[in-house]
file data-v2.pdb (PDB, C-alpha atoms and all ligand atoms)
ATOM      1  CA  MET A  80     -24.596   8.417   2.811  1.00  0.00           C
ATOM      2  CA  LYS A  81     -28.182   7.990   1.625  1.00  0.00           C
ATOM      3  CA  THR A  82     -26.890   6.368  -1.544  1.00  0.00           C
ATOM      4  CA  LEU A  83     -24.851   3.892   0.505  1.00  0.00           C
ATOM      5  CA  ALA A  84     -27.894   2.962   2.632  1.00  0.00           C
ATOM      6  CA  LEU A  85     -30.020   2.516  -0.475  1.00  0.00           C
ATOM      7  CA  SER A  86     -27.323   0.335  -2.069  1.00  0.00           C
ATOM      8  CA  ALA A  87     -27.175  -1.834   1.057  1.00  0.00           C
ATOM      9  CA  LEU A  88     -30.970  -2.193   1.009  1.00  0.00           C
ATOM     10  CA  ILE A  89     -30.989  -3.209  -2.665  1.00  0.00           C
ATOM     11  CA  LEU A  90     -28.174  -5.708  -2.003  1.00  0.00           C
ATOM     12  CA  ALA A  91     -30.094  -7.195   0.953  1.00  0.00           C
ATOM     13  CA  LEU A  92     -33.274  -7.551  -1.114  1.00  0.00           C
ATOM     14  CA  THR A  93     -31.338  -9.159  -3.973  1.00  0.00           C
ATOM     15  CA  LEU A  94     -29.688 -11.681  -1.651  1.00  0.00           C
ATOM     16  CA  THR A  95     -33.067 -12.539  -0.116  1.00  0.00           C
ATOM     17  CA  ALA A  96     -34.601 -13.118  -3.533  1.00  0.00           C
ATOM     18  CA  CYS A  97     -31.703 -15.337  -4.629  1.00  0.00           C
ATOM     19  CA  ASN A  98     -31.703 -17.432  -1.455  1.00  0.00           C
ATOM     20  CA  PRO A  99     -35.298 -18.486  -0.749  1.00  0.00           C
ATOM     21  CA  GLY A 100     -34.351 -21.483   1.446  1.00  0.00           C
ATOM     22  CA  PRO A 101     -35.369 -25.096   0.881  1.00  0.00           C
ATOM     23  CA  LYS A 102     -38.149 -25.742  -1.595  1.00  0.00           C
ATOM     24  CA  THR A 103     -40.900 -27.537   0.319  1.00  0.00           C
ATOM     25  CA  SER A 104     -44.368 -28.776  -0.521  1.00  0.00           C
ATOM     26  CA  THR A 105     -47.073 -30.050   1.809  1.00  0.00           C
ATOM     27  CA  TYR A 106     -49.521 -32.931   1.316  1.00  0.00           C
ATOM     28  CA  ALA A 107     -52.575 -33.517   3.477  1.00  0.00           C
ATOM     29  CA  ALA A 108     -54.724 -36.613   3.959  1.00  0.00           C
ATOM     30  CA  THR A 109     -58.134 -36.948   5.581  1.00  0.00           C
ATOM     31  CA  LEU A 110     -58.500 -40.526   6.849  1.00  0.00           C
ATOM     32  CA  SER A 111     -61.857 -42.291   6.817  1.00  0.00           C
ATOM     33  CA  PRO A 112     -63.273 -45.855   6.736  1.00  0.00           C
ATOM     34  CA  ALA A 113     -65.252 -44.933   3.605  1.00  0.00           C
ATOM     35  CA  SER A 114     -61.990 -44.353   1.721  1.00  0.00           C
ATOM     36  CA  GLU A 115     -60.818 -47.935   2.295  1.00  0.00           C
ATOM     37  CA  VAL A 116     -61.016 -50.198  -0.773  1.00  0.00           C
ATOM     38  CA  PRO A 117     -63.439 -51.806  -0.204  1.00  0.00           C
ATOM     39  CA  ALA A 118     -64.992 -49.394   2.301  1.00  0.00           C
ATOM     40  CA  VAL A 119     -65.254 -50.616   5.899  1.00  0.00           C
ATOM     41  CA  THR A 120     -67.831 -49.814   8.556  1.00  0.00           C
ATOM     42  CA  ALA A 121     -66.064 -48.040  11.414  1.00  0.00           C
ATOM     43  CA  THR A 122     -66.072 -44.709  13.199  1.00  0.00           C
ATOM     44  CA  ALA A 123     -62.373 -43.870  12.860  1.00  0.00           C
ATOM     45  CA  THR A 124     -61.387 -40.465  11.548  1.00  0.00           C
ATOM     46  CA  GLY A 125     -57.988 -38.887  11.214  1.00  0.00           C
ATOM     47  CA  ASP A 126     -55.637 -36.645   9.382  1.00  0.00           C
ATOM     48  CA  ALA A 127     -52.014 -36.601   8.320  1.00  0.00           C
ATOM     49  CA  THR A 128     -49.683 -34.014   6.883  1.00  0.00           C
ATOM     50  CA  LEU A 129     -46.532 -34.802   4.939  1.00  0.00           C
ATOM     51  CA  THR A 130     -43.926 -32.127   4.331  1.00  0.00           C
ATOM     52  CA  LEU A 131     -41.513 -32.763   1.460  1.00  0.00           C
ATOM     53  CA  ASN A 132     -38.161 -30.991   1.209  1.00  0.00           C
ATOM     54  CA  GLU A 133     -37.632 -31.065  -2.547  1.00  0.00           C
ATOM     55  CA  ASP A 134     -33.960 -30.087  -2.266  1.00  0.00           C
ATOM     56  CA  THR A 135     -32.941 -32.977  -0.001  1.00  0.00           C
ATOM     57  CA  LYS A 136     -35.709 -35.346  -1.250  1.00  0.00           C
ATOM     58  CA  THR A 137     -36.736 -36.106   2.305  1.00  0.00           C
ATOM     59  CA  ALA A 138     -40.062 -35.894   4.090  1.00  0.00           C
ATOM     60  CA  THR A 139     -41.670 -36.030   7.515  1.00  0.00           C
ATOM     61  CA  LEU A 140     -45.233 -36.970   8.398  1.00  0.00           C
ATOM     62  CA  SER A 141     -47.403 -36.303  11.412  1.00  0.00           C
ATOM     63  CA  GLY A 142     -51.031 -37.022  12.096  1.00  0.00           C
ATOM     64  CA  SER A 143     -53.619 -38.455  14.425  1.00  0.00           C
ATOM     65  CA  VAL A 144     -56.592 -40.791  14.387  1.00  0.00           C
ATOM     66  CA  SER A 145     -59.528 -41.092  16.756  1.00  0.00           C
ATOM     67  CA  GLY A 146     -62.688 -43.154  17.128  1.00  0.00           C
ATOM     68  CA  LEU A 147     -60.738 -46.375  16.578  1.00  0.00           C
ATOM     69  CA  SER A 148     -62.364 -49.774  17.167  1.00  0.00           C
ATOM     70  CA  GLY A 149     -59.305 -50.761  19.229  1.00  0.00           C
ATOM     71  CA  ASP A 150     -55.618 -50.066  19.467  1.00  0.00           C
ATOM     72  CA  LEU A 151     -53.902 -49.058  16.260  1.00  0.00           C
ATOM     73  CA  MET A 152     -51.799 -52.033  15.136  1.00  0.00           C
ATOM     74  CA  MET A 153     -49.934 -50.623  12.139  1.00  0.00           C
ATOM     75  CA  ALA A 154     -49.792 -47.470  10.063  1.00  0.00           C
ATOM     76  CA  HIS A 155     -48.146 -47.016   6.675  1.00  0.00           C
ATOM     77  CA  ILE A 156     -47.812 -44.872   3.598  1.00  0.00           C
ATOM     78  CA  HIS A 157     -48.956 -47.034   0.667  1.00  0.00           C
ATOM     79  CA  GLY A 158     -48.582 -46.458  -3.045  1.00  0.00           C
ATOM     80  CA  PRO A 159     -48.569 -45.836  -5.880  1.00  0.00           C
ATOM     81  CA  ALA A 160     -52.343 -46.047  -6.243  1.00  0.00           C
ATOM     82  CA  ALA A 161     -55.076 -43.593  -7.093  1.00  0.00           C
ATOM     83  CA  VAL A 162     -58.179 -43.077  -4.968  1.00  0.00           C
ATOM     84  CA  GLY A 163     -60.261 -46.265  -5.212  1.00  0.00           C
ATOM     85  CA  SER A 164     -57.389 -48.713  -5.688  1.00  0.00           C
ATOM     86  CA  ASN A 165     -54.827 -50.351  -3.408  1.00  0.00           C
ATOM     87  CA  ALA A 166     -51.045 -50.685  -3.409  1.00  0.00           C
ATOM     88  CA  GLY A 167     -48.349 -52.109  -1.162  1.00  0.00           C
ATOM     89  CA  VAL A 168     -46.566 -50.573   1.817  1.00  0.00           C
ATOM     90  CA  LEU A 169     -43.896 -48.002   0.987  1.00  0.00           C
ATOM     91  CA  PHE A 170     -43.021 -46.468   4.355  1.00  0.00           C
ATOM     92  CA  MET A 171     -43.676 -47.656   7.912  1.00  0.00           C
ATOM     93  CA  LEU A 172     -45.201 -45.129  10.279  1.00  0.00           C
ATOM     94  CA  ASP A 173     -44.645 -44.975  14.007  1.00  0.00           C
ATOM     95  CA  LEU A 174     -47.754 -44.961  16.175  1.00  0.00           C
ATOM     96  CA  THR A 175     -48.574 -44.112  19.747  1.00  0.00           C
ATOM     97  CA  ASN A 176     -51.869 -45.369  21.148  1.00  0.00           C
ATOM     98  CA  THR A 177     -53.958 -43.519  23.696  1.00  0.00           C
ATOM     99  CA  SER A 178     -56.126 -46.546  24.444  1.00  0.00           C
ATOM    100  CA  ALA A 179     -58.686 -44.982  26.756  1.00  0.00           C
ATOM    101  CA  ALA A 180     -59.850 -42.554  24.108  1.00  0.00           C
ATOM    102  CA  LYS A 181     -59.238 -44.931  21.159  1.00  0.00           C
ATOM    103  CA  THR A 182     -56.923 -42.400  19.641  1.00  0.00           C
ATOM    104  CA  ALA A 183     -53.392 -42.580  18.307  1.00  0.00           C
ATOM    105  CA  THR A 184     -50.774 -40.332  16.833  1.00  0.00           C
ATOM    106  CA  ILE A 185     -48.736 -41.299  13.783  1.00  0.00           C
ATOM    107  CA  LYS A 186     -45.429 -40.061  12.416  1.00  0.00           C
ATOM    108  CA  ASN A 187     -42.572 -41.230  10.207  1.00  0.00           C
ATOM    109  CA  LYS A 188     -40.887 -44.281  11.782  1.00  0.00           C
ATOM    110  CA  ASP A 189     -37.396 -43.566  10.491  1.00  0.00           C
ATOM    111  CA  ALA A 190     -35.860 -40.249  11.488  1.00  0.00           C
ATOM    112  CA  ILE A 191     -36.647 -39.033   7.997  1.00  0.00           C
ATOM    113  CA  ILE A 192     -38.357 -40.462   4.902  1.00  0.00           C
ATOM    114  CA  THR A 193     -36.025 -40.488   1.889  1.00  0.00           C
ATOM    115  CA  LEU A 194     -37.671 -40.547  -1.552  1.00  0.00           C
ATOM    116  CA  THR A 195     -36.389 -41.317  -5.041  1.00  0.00           C
ATOM    117  CA  ASP A 196     -37.200 -39.005  -7.941  1.00  0.00           C
ATOM    118  CA  ALA A 197     -39.817 -41.508  -9.153  1.00  0.00           C
ATOM    119  CA  GLN A 198     -41.426 -41.600  -5.697  1.00  0.00           C
ATOM    120  CA  ILE A 199     -41.569 -37.803  -5.582  1.00  0.00           C
ATOM    121  CA  THR A 200     -43.304 -37.838  -8.978  1.00  0.00           C
ATOM    122  CA  ASP A 201     -45.881 -40.338  -7.636  1.00  0.00           C
ATOM    123  CA  LEU A 202     -46.386 -38.313  -4.444  1.00  0.00           C
ATOM    124  CA  LYS A 203     -46.970 -35.129  -6.439  1.00  0.00           C
ATOM    125  CA  ALA A 204     -49.435 -37.020  -8.663  1.00  0.00           C
ATOM    126  CA  GLY A 205     -51.539 -37.905  -5.588  1.00  0.00           C
ATOM    127  CA  LYS A 206     -50.723 -41.628  -5.731  1.00  0.00           C
ATOM    128  CA  TYR A 207     -49.691 -42.063  -2.077  1.00  0.00           C
ATOM    129  CA  TYR A 208     -52.079 -42.714   0.799  1.00  0.00           C
ATOM    130  CA  VAL A 209     -51.949 -43.176   4.555  1.00  0.00           C
ATOM    131  CA  ASN A 210     -53.580 -46.345   5.896  1.00  0.00           C
ATOM    132  CA  VAL A 211     -54.068 -47.301   9.546  1.00  0.00           C
ATOM    133  CA  HIS A 212     -54.749 -50.886  10.623  1.00  0.00           C
ATOM    134  CA  THR A 213     -56.525 -52.289  13.698  1.00  0.00           C
ATOM    135  CA  ALA A 214     -57.212 -55.860  14.830  1.00  0.00           C
ATOM    136  CA  ALA A 215     -60.853 -55.533  13.737  1.00  0.00           C
ATOM    137  CA  ASN A 216     -59.883 -54.068  10.371  1.00  0.00           C
ATOM    138  CA  ALA A 217     -56.514 -55.618   9.554  1.00  0.00           C
ATOM    139  CA  GLY A 218     -56.675 -54.501   5.936  1.00  0.00           C
ATOM    140  CA  GLY A 219     -57.219 -50.932   7.033  1.00  0.00           C
ATOM    141  CA  GLU A 220     -59.664 -49.050   9.240  1.00  0.00           C
ATOM    142  CA  ALA A 221     -59.114 -45.547   7.883  1.00  0.00           C
ATOM    143  CA  ARG A 222     -57.431 -44.342   4.713  1.00  0.00           C
ATOM    144  CA  GLY A 223     -56.623 -40.962   3.271  1.00  0.00           C
ATOM    145  CA  GLN A 224     -54.942 -39.909   0.020  1.00  0.00           C
ATOM    146  CA  LEU A 225     -52.002 -37.521   0.430  1.00  0.00           C
ATOM    147  CA  LEU A 226     -52.900 -34.550  -1.760  1.00  0.00           C
ATOM    148  CA  LEU A 227     -50.933 -31.372  -2.435  1.00  0.00           C
ATOM    149  CA  LYS A 228     -52.185 -28.551  -0.235  1.00  0.00           C
TER
HETATM  150 CU    CU A 301     -50.694 -50.366   5.724  1.00  0.00          CU
END

call {"tool": "encode", "arguments": {"input": "data-v2.pdb", "output": "C-alpha cells"}}
result
Amino acid sequence: MKTLALSALILALTLTACNPGPKTSTYAATLSPASEVPAVTATATGDATLTLNEDTKTATLSGSVSGLSGDLMMAHIHGPAAVGSNAGVLFMLDLTNTSAAKTATIKNKDAIITLTDAQITDLKAGKYYVNVHTAANAGGEARGQLLLK
C-alpha cells in the first residue's frame, strides 16, 4: 500500500512538472515627463504593467497616472523605439479620468492585445513604451518604457 501511495505521489509530481501552465512574462513601465522625447515640464507620474501570455501571444495592460495637467486625452503603447527615441502608435489604451484629482487609469482598449512574433521580439527587447497625452502636452505628458520585470 505504501508503494502505491508513493507511486501516486511520483506520478502527481511528474504531471505537475510537465504541465506548468501558460508561459507568461511581465513588463513594467514607470511614466514620467522627463522620459518624453524631448522631455516636457509637468508633474505627471504613473506606472503600467503589461502581462504577456507567450503561448497565446496575447497581452493585457493596466496602470494609472496622477498629477496630470488636465484630463487624459489619449493613451497608447508606442514602438518600436529605444529609450530616447520616438515611434508611432501600436495599440490604443482605454482611459478613465478622475478629474478632481487629475488622475486616470489606463488599460488595454480591446478585450485583449494580440501580438505578432516580431512584436513579441520587440517587446522583449524593451522597444515598447506607454505614452499618455493631455491637451497641454499633446505629444505626450508622461512616458515609460515597458521593461521585463
Ligand atoms: Cu500616444

call {"tool": "residues_around", "arguments": {"input": "data-v2.pdb", "residues": "Gly149 (chain A)", "least_positions_apart": "3", "cutoff": "12 Å", "atoms": "only C-alpha atoms", "output": "number ranges by chain"}}
result
A: 121-123, 144-146, 152-153, 176-183, 211-217, 220

call {"tool": "closest_residue", "arguments": {"input": "data-v2.pdb", "among": "A:Asp201, A:Thr128, A:Gly223, A:Thr193", "to": "Ala113 (chain A)", "atoms": "only C-alpha atoms"}}
result
A:Gly223

call {"tool": "resolve_selection", "arguments": {"input": "data-v2.pdb", "expression": "the PyMOL selection byres (((chain A and resi 189) around 10) and not hetatm)", "output": "list in words"}}
result
Thr139, Phe170, Met171, Leu172, Asp173, Lys186, Asn187, Lys188, Ala190, Ile191, Ile192 and Thr193 of chain A

call {"tool": "atom_distance", "arguments": {"input": "data-v2.pdb", "atom1": "CA of Leu169 (chain A)", "atom2": "CA of Lys203 (chain A)"}}
result
15.2 Å

call {"tool": "residues_near_ligand", "arguments": {"input": "data-v2.pdb", "ligand": "ligand CU 301 (chain A)", "cutoff": "7 Å", "atoms": "all atoms listed in the file", "output": "list of chain:residue names"}}
result
A:Met153, A:Ala154, A:His155, A:Ile156, A:His157, A:Val168, A:Asn210, A:Val211, A:His212, A:Gly219

call {"tool": "residues_around", "arguments": {"input": "data-v2.pdb", "residues": "Thr130 (chain A)", "least_positions_apart": "3", "cutoff": "10 Å", "atoms": "all atoms listed in the file", "output": "list of chain:residue names"}}
result
A:Thr103, A:Ser104, A:Thr105, A:Tyr106, A:Ala107, A:Glu133, A:Thr137, A:Ala138, A:Thr139, A:Leu140, A:Ser141, A:Leu227

call {"tool": "decode", "arguments": {"input": "data-v2.pdb", "residues": "region 97-200 of chain A", "atoms": "C-alpha atoms", "output": "PDB file, in the first residue's frame"}}
result
ATOM      1  CA  CYS A  97       5.142  18.510 -17.351  1.00  0.00           C
ATOM      2  CA  ASN A  98       2.170  20.879 -17.211  1.00  0.00           C
ATOM      3  CA  PRO A  99       3.408  24.231 -15.882  1.00  0.00           C
ATOM      4  CA  GLY A 100       0.507  26.269 -17.341  1.00  0.00           C
ATOM      5  CA  PRO A 101       0.799  29.213 -19.719  1.00  0.00           C
ATOM      6  CA  LYS A 102       4.215  30.776 -20.124  1.00  0.00           C
ATOM      7  CA  THR A 103       3.859  34.421 -19.105  1.00  0.00           C
ATOM      8  CA  SER A 104       6.228  37.343 -18.762  1.00  0.00           C
ATOM      9  CA  THR A 105       5.618  40.734 -17.179  1.00  0.00           C
ATOM     10  CA  TYR A 106       6.803  44.174 -18.315  1.00  0.00           C
ATOM     11  CA  ALA A 107       6.664  47.287 -16.163  1.00  0.00           C
ATOM     12  CA  ALA A 108       6.856  50.966 -17.094  1.00  0.00           C
ATOM     13  CA  THR A 109       7.400  53.987 -14.869  1.00  0.00           C
ATOM     14  CA  LEU A 110       5.862  57.022 -16.591  1.00  0.00           C
ATOM     15  CA  SER A 111       7.414  60.467 -16.262  1.00  0.00           C
ATOM     16  CA  PRO A 112       7.551  63.794 -18.165  1.00  0.00           C
ATOM     17  CA  ALA A 113      11.360  63.564 -18.173  1.00  0.00           C
ATOM     18  CA  SER A 114      11.160  60.399 -20.286  1.00  0.00           C
ATOM     19  CA  GLU A 115       9.315  62.187 -23.103  1.00  0.00           C
ATOM     20  CA  VAL A 116      11.430  62.913 -26.198  1.00  0.00           C
ATOM     21  CA  PRO A 117      12.006  65.803 -25.893  1.00  0.00           C
ATOM     22  CA  ALA A 118      11.357  65.991 -22.145  1.00  0.00           C
ATOM     23  CA  VAL A 119       8.368  68.079 -21.040  1.00  0.00           C
ATOM     24  CA  THR A 120       7.845  70.086 -17.873  1.00  0.00           C
ATOM     25  CA  ALA A 121       4.920  68.566 -15.983  1.00  0.00           C
ATOM     26  CA  THR A 122       4.168  66.874 -12.689  1.00  0.00           C
ATOM     27  CA  ALA A 123       2.534  63.707 -14.032  1.00  0.00           C
ATOM     28  CA  THR A 124       3.723  60.356 -12.753  1.00  0.00           C
ATOM     29  CA  GLY A 125       2.404  56.897 -13.424  1.00  0.00           C
ATOM     30  CA  ASP A 126       3.009  53.247 -13.892  1.00  0.00           C
ATOM     31  CA  ALA A 127       1.838  50.447 -16.138  1.00  0.00           C
ATOM     32  CA  THR A 128       2.207  46.698 -16.148  1.00  0.00           C
ATOM     33  CA  LEU A 129       1.839  44.509 -19.214  1.00  0.00           C
ATOM     34  CA  THR A 130       1.407  40.766 -18.865  1.00  0.00           C
ATOM     35  CA  LEU A 131       2.227  38.693 -21.948  1.00  0.00           C
ATOM     36  CA  ASN A 132       0.908  35.161 -22.416  1.00  0.00           C
ATOM     37  CA  GLU A 133       3.610  33.715 -24.652  1.00  0.00           C
ATOM     38  CA  ASP A 134       1.522  30.661 -25.565  1.00  0.00           C
ATOM     39  CA  THR A 135      -1.453  32.600 -26.946  1.00  0.00           C
ATOM     40  CA  LYS A 136       0.622  35.684 -27.954  1.00  0.00           C
ATOM     41  CA  THR A 137      -1.809  37.966 -26.177  1.00  0.00           C
ATOM     42  CA  ALA A 138      -1.332  40.612 -23.519  1.00  0.00           C
ATOM     43  CA  THR A 139      -3.205  42.828 -21.087  1.00  0.00           C
ATOM     44  CA  LEU A 140      -2.105  46.135 -19.600  1.00  0.00           C
ATOM     45  CA  SER A 141      -3.171  48.067 -16.539  1.00  0.00           C
ATOM     46  CA  GLY A 142      -1.829  51.209 -14.966  1.00  0.00           C
ATOM     47  CA  SER A 143      -2.537  54.626 -13.553  1.00  0.00           C
ATOM     48  CA  VAL A 144      -1.312  58.194 -13.816  1.00  0.00           C
ATOM     49  CA  SER A 145      -1.626  61.099 -11.411  1.00  0.00           C
ATOM     50  CA  GLY A 146      -0.570  64.732 -11.178  1.00  0.00           C
ATOM     51  CA  LEU A 147      -1.875  65.412 -14.687  1.00  0.00           C
ATOM     52  CA  SER A 148      -2.124  68.973 -16.029  1.00  0.00           C
ATOM     53  CA  GLY A 149      -5.696  68.193 -17.133  1.00  0.00           C
ATOM     54  CA  ASP A 150      -7.815  65.306 -18.277  1.00  0.00           C
ATOM     55  CA  LEU A 151      -6.001  62.497 -20.028  1.00  0.00           C
ATOM     56  CA  MET A 152      -6.882  62.734 -23.730  1.00  0.00           C
ATOM     57  CA  MET A 153      -5.238  59.619 -25.157  1.00  0.00           C
ATOM     58  CA  ALA A 154      -3.012  56.776 -24.046  1.00  0.00           C
ATOM     59  CA  HIS A 155      -1.124  54.332 -26.251  1.00  0.00           C
ATOM     60  CA  ILE A 156       1.592  51.734 -26.465  1.00  0.00           C
ATOM     61  CA  HIS A 157       4.147  53.072 -28.965  1.00  0.00           C
ATOM     62  CA  GLY A 158       7.033  51.307 -30.642  1.00  0.00           C
ATOM     63  CA  PRO A 159       9.427  50.022 -31.663  1.00  0.00           C
ATOM     64  CA  ALA A 160      11.793  52.605 -30.197  1.00  0.00           C
ATOM     65  CA  ALA A 161      14.507  52.546 -27.580  1.00  0.00           C
ATOM     66  CA  VAL A 162      14.647  54.940 -24.637  1.00  0.00           C
ATOM     67  CA  GLY A 163      15.365  58.416 -26.039  1.00  0.00           C
ATOM     68  CA  SER A 164      13.639  57.974 -29.399  1.00  0.00           C
ATOM     69  CA  ASN A 165      10.040  58.034 -30.618  1.00  0.00           C
ATOM     70  CA  ALA A 166       7.850  55.703 -32.663  1.00  0.00           C
ATOM     71  CA  GLY A 167       4.245  55.517 -33.810  1.00  0.00           C
ATOM     72  CA  VAL A 168       1.166  54.183 -32.037  1.00  0.00           C
ATOM     73  CA  LEU A 169       0.854  50.399 -31.908  1.00  0.00           C
ATOM     74  CA  PHE A 170      -2.027  49.797 -29.501  1.00  0.00           C
ATOM     75  CA  MET A 171      -4.756  52.115 -28.207  1.00  0.00           C
ATOM     76  CA  LEU A 172      -5.287  52.166 -24.461  1.00  0.00           C
ATOM     77  CA  ASP A 173      -8.559  52.815 -22.701  1.00  0.00           C
ATOM     78  CA  LEU A 174      -8.551  55.564 -20.091  1.00  0.00           C
ATOM     79  CA  THR A 175     -10.786  56.630 -17.258  1.00  0.00           C
ATOM     80  CA  ASN A 176     -10.316  60.125 -15.858  1.00  0.00           C
ATOM     81  CA  THR A 177     -10.813  61.066 -12.233  1.00  0.00           C
ATOM     82  CA  SER A 178     -10.810  64.791 -12.968  1.00  0.00           C
ATOM     83  CA  ALA A 179     -10.913  66.172  -9.443  1.00  0.00           C
ATOM     84  CA  ALA A 180      -7.642  64.525  -8.518  1.00  0.00           C
ATOM     85  CA  LYS A 181      -6.100  64.815 -12.020  1.00  0.00           C
ATOM     86  CA  THR A 182      -5.668  61.090 -12.104  1.00  0.00           C
ATOM     87  CA  ALA A 183      -6.616  58.420 -14.605  1.00  0.00           C
ATOM     88  CA  THR A 184      -6.446  54.694 -15.011  1.00  0.00           C
ATOM     89  CA  ILE A 185      -5.338  53.043 -18.243  1.00  0.00           C
ATOM     90  CA  LYS A 186      -5.847  49.561 -19.643  1.00  0.00           C
ATOM     91  CA  ASN A 187      -5.913  47.746 -22.976  1.00  0.00           C
ATOM     92  CA  LYS A 188      -8.742  49.135 -25.146  1.00  0.00           C
ATOM     93  CA  ASP A 189      -9.520  45.904 -26.968  1.00  0.00           C
ATOM     94  CA  ALA A 190     -10.510  42.940 -24.826  1.00  0.00           C
ATOM     95  CA  ILE A 191      -7.020  41.596 -25.378  1.00  0.00           C
ATOM     96  CA  ILE A 192      -3.867  42.775 -27.170  1.00  0.00           C
ATOM     97  CA  THR A 193      -2.763  40.304 -29.852  1.00  0.00           C
ATOM     98  CA  LEU A 194       0.910  40.413 -30.876  1.00  0.00           C
ATOM     99  CA  THR A 195       2.835  39.008 -33.831  1.00  0.00           C
ATOM    100  CA  ASP A 196       6.087  37.124 -33.287  1.00  0.00           C
ATOM    101  CA  ALA A 197       8.019  40.207 -34.443  1.00  0.00           C
ATOM    102  CA  GLN A 198       6.130  42.404 -31.963  1.00  0.00           C
ATOM    103  CA  ILE A 199       6.888  39.983 -29.131  1.00  0.00           C
ATOM    104  CA  THR A 200      10.580  40.151 -30.073  1.00  0.00           C
TER     105      THR A 200
END
